[in-house]
$ cat entry-v8.pdb   # PDB, C-alpha atoms
ATOM      1  CA  MET A   1      16.006  35.815  34.693
ATOM      2  CA  THR A   2      12.928  33.766  35.565
ATOM      3  CA  ARG A   3      11.272  31.270  33.279
ATOM      4  CA  PRO A   4       7.607  31.663  32.382
ATOM      5  CA  PRO A   5       5.331  29.459  34.512
ATOM      6  CA  TYR A   6       4.253  27.368  31.509
ATOM      7  CA  ALA A   7       7.774  26.330  30.417
ATOM      8  CA  ARG A   8       7.823  23.168  32.553
ATOM      9  CA  ASP A   9       4.393  22.032  31.355
ATOM     10  CA  MET A  10       5.364  22.461  27.692
ATOM     11  CA  THR A  11       8.569  20.451  28.184
ATOM     12  CA  THR A  12       6.655  17.671  29.886
ATOM     13  CA  SER A  13       4.086  17.621  27.055
ATOM     14  CA  ARG A  14       6.846  17.580  24.438
ATOM     15  CA  ASN A  15       8.574  14.669  26.196
ATOM     16  CA  ALA A  16       5.304  12.760  26.459
ATOM     17  CA  LEU A  17       4.592  13.322  22.768
ATOM     18  CA  ALA A  18       8.112  12.198  21.816
ATOM     19  CA  GLY A  19       7.678   9.040  23.896
ATOM     20  CA  THR A  20       4.345   8.288  22.251
ATOM     21  CA  VAL A  21       5.780   8.776  18.750
ATOM     22  CA  LEU A  22       8.774   6.578  19.596
ATOM     23  CA  ALA A  23       6.545   3.821  20.991
ATOM     24  CA  GLY A  24       4.346   3.963  17.890
ATOM     25  CA  GLY A  25       7.402   3.737  15.628
ATOM     26  CA  LEU A  26       8.716   0.725  17.511
ATOM     27  CA  GLY A  27       5.307  -0.901  17.196
ATOM     28  CA  LEU A  28       5.387  -0.419  13.428
ATOM     29  CA  LEU A  29       8.876  -1.909  13.226
ATOM     30  CA  SER A  30       7.663  -5.022  14.979
ATOM     31  CA  LEU A  31       4.951  -5.371  12.313
ATOM     32  CA  ALA A  32       7.466  -5.204   9.460
ATOM     33  CA  GLY A  33       7.883  -8.980   9.404
ATOM     34  CA  CYS A  34       4.161  -9.690   9.639
ATOM     35  CA  SER A  35       1.738 -10.472   6.868
ATOM     36  CA  PHE A  36      -1.558  -8.796   6.094
ATOM     37  CA  THR A  37      -4.565 -10.445   4.505
ATOM     38  CA  SER A  38      -7.815  -8.962   3.299
ATOM     39  CA  GLU A  39     -10.674 -10.131   1.142
ATOM     40  CA  ASN A  40      -8.909  -8.966  -2.042
ATOM     41  CA  PHE A  41      -5.198  -8.926  -1.156
ATOM     42  CA  SER A  42      -2.542 -10.693   0.874
ATOM     43  CA  CYS A  43       0.849  -9.172   1.726
ATOM     44  CA  ASP A  44       4.061 -10.086   3.442
ATOM     45  CA  SER A  45       6.740  -7.537   4.349
ATOM     46  CA  ASN A  46       7.584  -6.500   0.772
ATOM     47  CA  SER A  47       5.124  -7.995  -1.719
ATOM     48  CA  CYS A  48       1.397  -8.551  -2.221
ATOM     49  CA  THR A  49      -0.972 -10.638  -4.291
ATOM     50  CA  VAL A  50      -4.055  -8.710  -5.355
ATOM     51  CA  THR A  51      -7.385  -9.651  -6.942
ATOM     52  CA  LEU A  52      -9.463  -6.838  -8.455
ATOM     53  CA  SER A  53     -12.953  -7.805  -9.600
ATOM     54  CA  GLY A  54     -15.228  -5.453 -11.533
ATOM     55  CA  ASP A  55     -14.672  -2.035 -13.077
ATOM     56  CA  GLY A  56     -13.510   0.480 -10.482
ATOM     57  CA  ALA A  57     -12.414  -2.131  -7.913
ATOM     58  CA  GLU A  58      -9.513  -0.881  -5.822
ATOM     59  CA  VAL A  59      -7.261  -1.849  -2.947
ATOM     60  CA  ASP A  60      -5.034   0.240  -0.661
ATOM     61  CA  LEU A  61      -1.843  -1.739  -0.182
ATOM     62  CA  PRO A  62       0.168  -1.537   3.033
ATOM     63  CA  ILE A  63       3.398  -1.611   0.960
ATOM     64  CA  GLY A  64       2.483   1.217  -1.408
ATOM     65  CA  PRO A  65      -0.149   3.119  -3.319
ATOM     66  CA  THR A  66      -3.741   2.296  -4.194
ATOM     67  CA  ILE A  67      -4.213  -0.052  -7.152
ATOM     68  CA  SER A  68      -7.486   0.176  -9.076
ATOM     69  CA  LEU A  69      -8.983  -1.637 -12.052
ATOM     70  CA  GLY A  70     -10.355   0.466 -14.884
ATOM     71  CA  ASN A  71     -11.743  -2.265 -17.129
ATOM     72  CA  VAL A  72     -10.794  -5.434 -18.964
ATOM     73  CA  GLU A  73     -11.017  -5.445 -22.735
ATOM     74  CA  ASN A  74      -9.588  -7.895 -25.288
ATOM     75  CA  GLY A  75      -7.621  -9.709 -22.573
ATOM     76  CA  ARG A  76      -5.941  -6.527 -21.271
ATOM     77  CA  ALA A  77      -6.612  -5.008 -17.866
ATOM     78  CA  SER A  78      -6.446  -1.224 -17.479
ATOM     79  CA  ILE A  79      -5.078  -0.450 -14.040
ATOM     80  CA  SER A  80      -4.072   2.598 -12.071
ATOM     81  CA  VAL A  81      -1.342   2.591  -9.433
ATOM     82  CA  GLY A  82      -1.193   5.712  -7.317
ATOM     83  CA  GLY A  83      -2.686   7.727 -10.181
ATOM     84  CA  ALA A  84      -0.339   6.358 -12.882
ATOM     85  CA  SER A  85      -2.165   4.391 -15.602
ATOM     86  CA  ALA A  86      -1.042   1.230 -17.363
ATOM     87  CA  SER A  87      -2.446  -1.929 -18.894
ATOM     88  CA  CYS A  88      -1.342  -5.531 -18.934
ATOM     89  CA  ALA A  89      -2.263  -8.930 -20.286
ATOM     90  CA  GLU A  90      -1.888 -12.233 -18.482
ATOM     91  CA  GLY A  91       1.767 -13.058 -17.844
ATOM     92  CA  GLU A  92       3.055  -9.526 -18.495
ATOM     93  CA  SER A  93       5.280  -7.678 -16.029
ATOM     94  CA  LEU A  94       5.525  -3.912 -15.702
ATOM     95  CA  SER A  95       6.693  -1.163 -13.406
ATOM     96  CA  VAL A  96       4.213   1.587 -12.537
ATOM     97  CA  GLY A  97       3.587   3.932  -9.629
ATOM     98  CA  GLY A  98       6.611   2.714  -7.660
ATOM     99  CA  LEU A  99       5.575  -0.940  -7.855
ATOM    100  CA  ALA A 100       6.761  -3.885  -9.907
ATOM    101  CA  LEU A 101       3.636  -5.731 -11.074
ATOM    102  CA  GLU A 102       2.945  -9.027 -12.775
ATOM    103  CA  CYS A 103      -0.505  -9.717 -14.165
ATOM    104  CA  THR A 104      -0.824 -13.362 -13.240
ATOM    105  CA  SER A 105      -4.419 -13.778 -14.470
ATOM    106  CA  VAL A 106      -6.778 -11.652 -16.568
ATOM    107  CA  SER A 107     -10.406 -12.678 -17.181
ATOM    108  CA  ASP A 108     -13.534 -10.862 -18.400
ATOM    109  CA  ASP A 109     -13.930  -8.674 -15.298
ATOM    110  CA  GLU A 110     -11.044  -9.607 -12.999
ATOM    111  CA  VAL A 111      -7.285  -9.251 -12.778
ATOM    112  CA  LYS A 112      -4.905 -10.987 -10.377
ATOM    113  CA  LEU A 113      -1.579  -9.274  -9.739
ATOM    114  CA  SER A 114       1.565  -9.778  -7.780
ATOM    115  CA  ALA A 115       3.042  -6.487  -6.586
ATOM    116  CA  SER A 116       6.343  -5.603  -4.963
ATOM    117  CA  LEU A 117       8.289  -2.428  -4.286
ATOM    118  CA  ASN A 118      10.688  -1.293  -7.014
TER     119      ASN A 118
END
$ encode --input "entry-v8.pdb" --output "structure tokens"
Amino acid sequence: MTRPPYARDMTTSRNALAGTVLAGGLGLLSLAGCSFTSENFSCDSNSCTVTLSGDGAEVDLPIGPTISLGNVENGRASISVGGASASCAEGESLSVGGLALECTSVSDDEVKLSASLN
């Protein structure tokens, strides 16, 4: 029985794709010990500090879901983590959206959080 003429080309393409995926995965592993810093967050390999200023402010964390600020009222910040809603006051800790959060500072229009994976 003879093989179709395209069989070799498909195998070569599959091998090339597998090599590319493997190389990309190894590249990501090498970043696991790195830190990331942005204008409104800073992260190491398993935790982040986040500052959200103004209603609707949000940040996409490399360790997990998007965190957004709803509003701040009476010293409590309304936040959303990956679509799950919660609120916190300064010094409070909570678990929401797969993250352990601590509201380290809450002011009139800003909240500062520390976030880590549960």
$ residues_around --input "entry-v8.pdb" --residues "range 58-63 of chain A" --least-positions-apart "5" --cutoff "10 Å" --atoms "only C-alpha atoms" --output "number ranges by chain"
A: 35-36, 38-53, 68-70, 79-82, 99, 115-117
$ residues_around --input "entry-v8.pdb" --residues "Gly54 in chain A" --least-positions-apart "5" --cutoff "8 Å" --atoms "all atoms listed in the file" --output "list of chain:residue names"
A:Leu69, A:Asn71, A:Asp109, A:Glu110
$ atom_distance --input "entry-v8.pdb" --atom1 "CA of Ala86 in chain A" --atom2 "CA of Leu101 in chain A"
10.5 Å
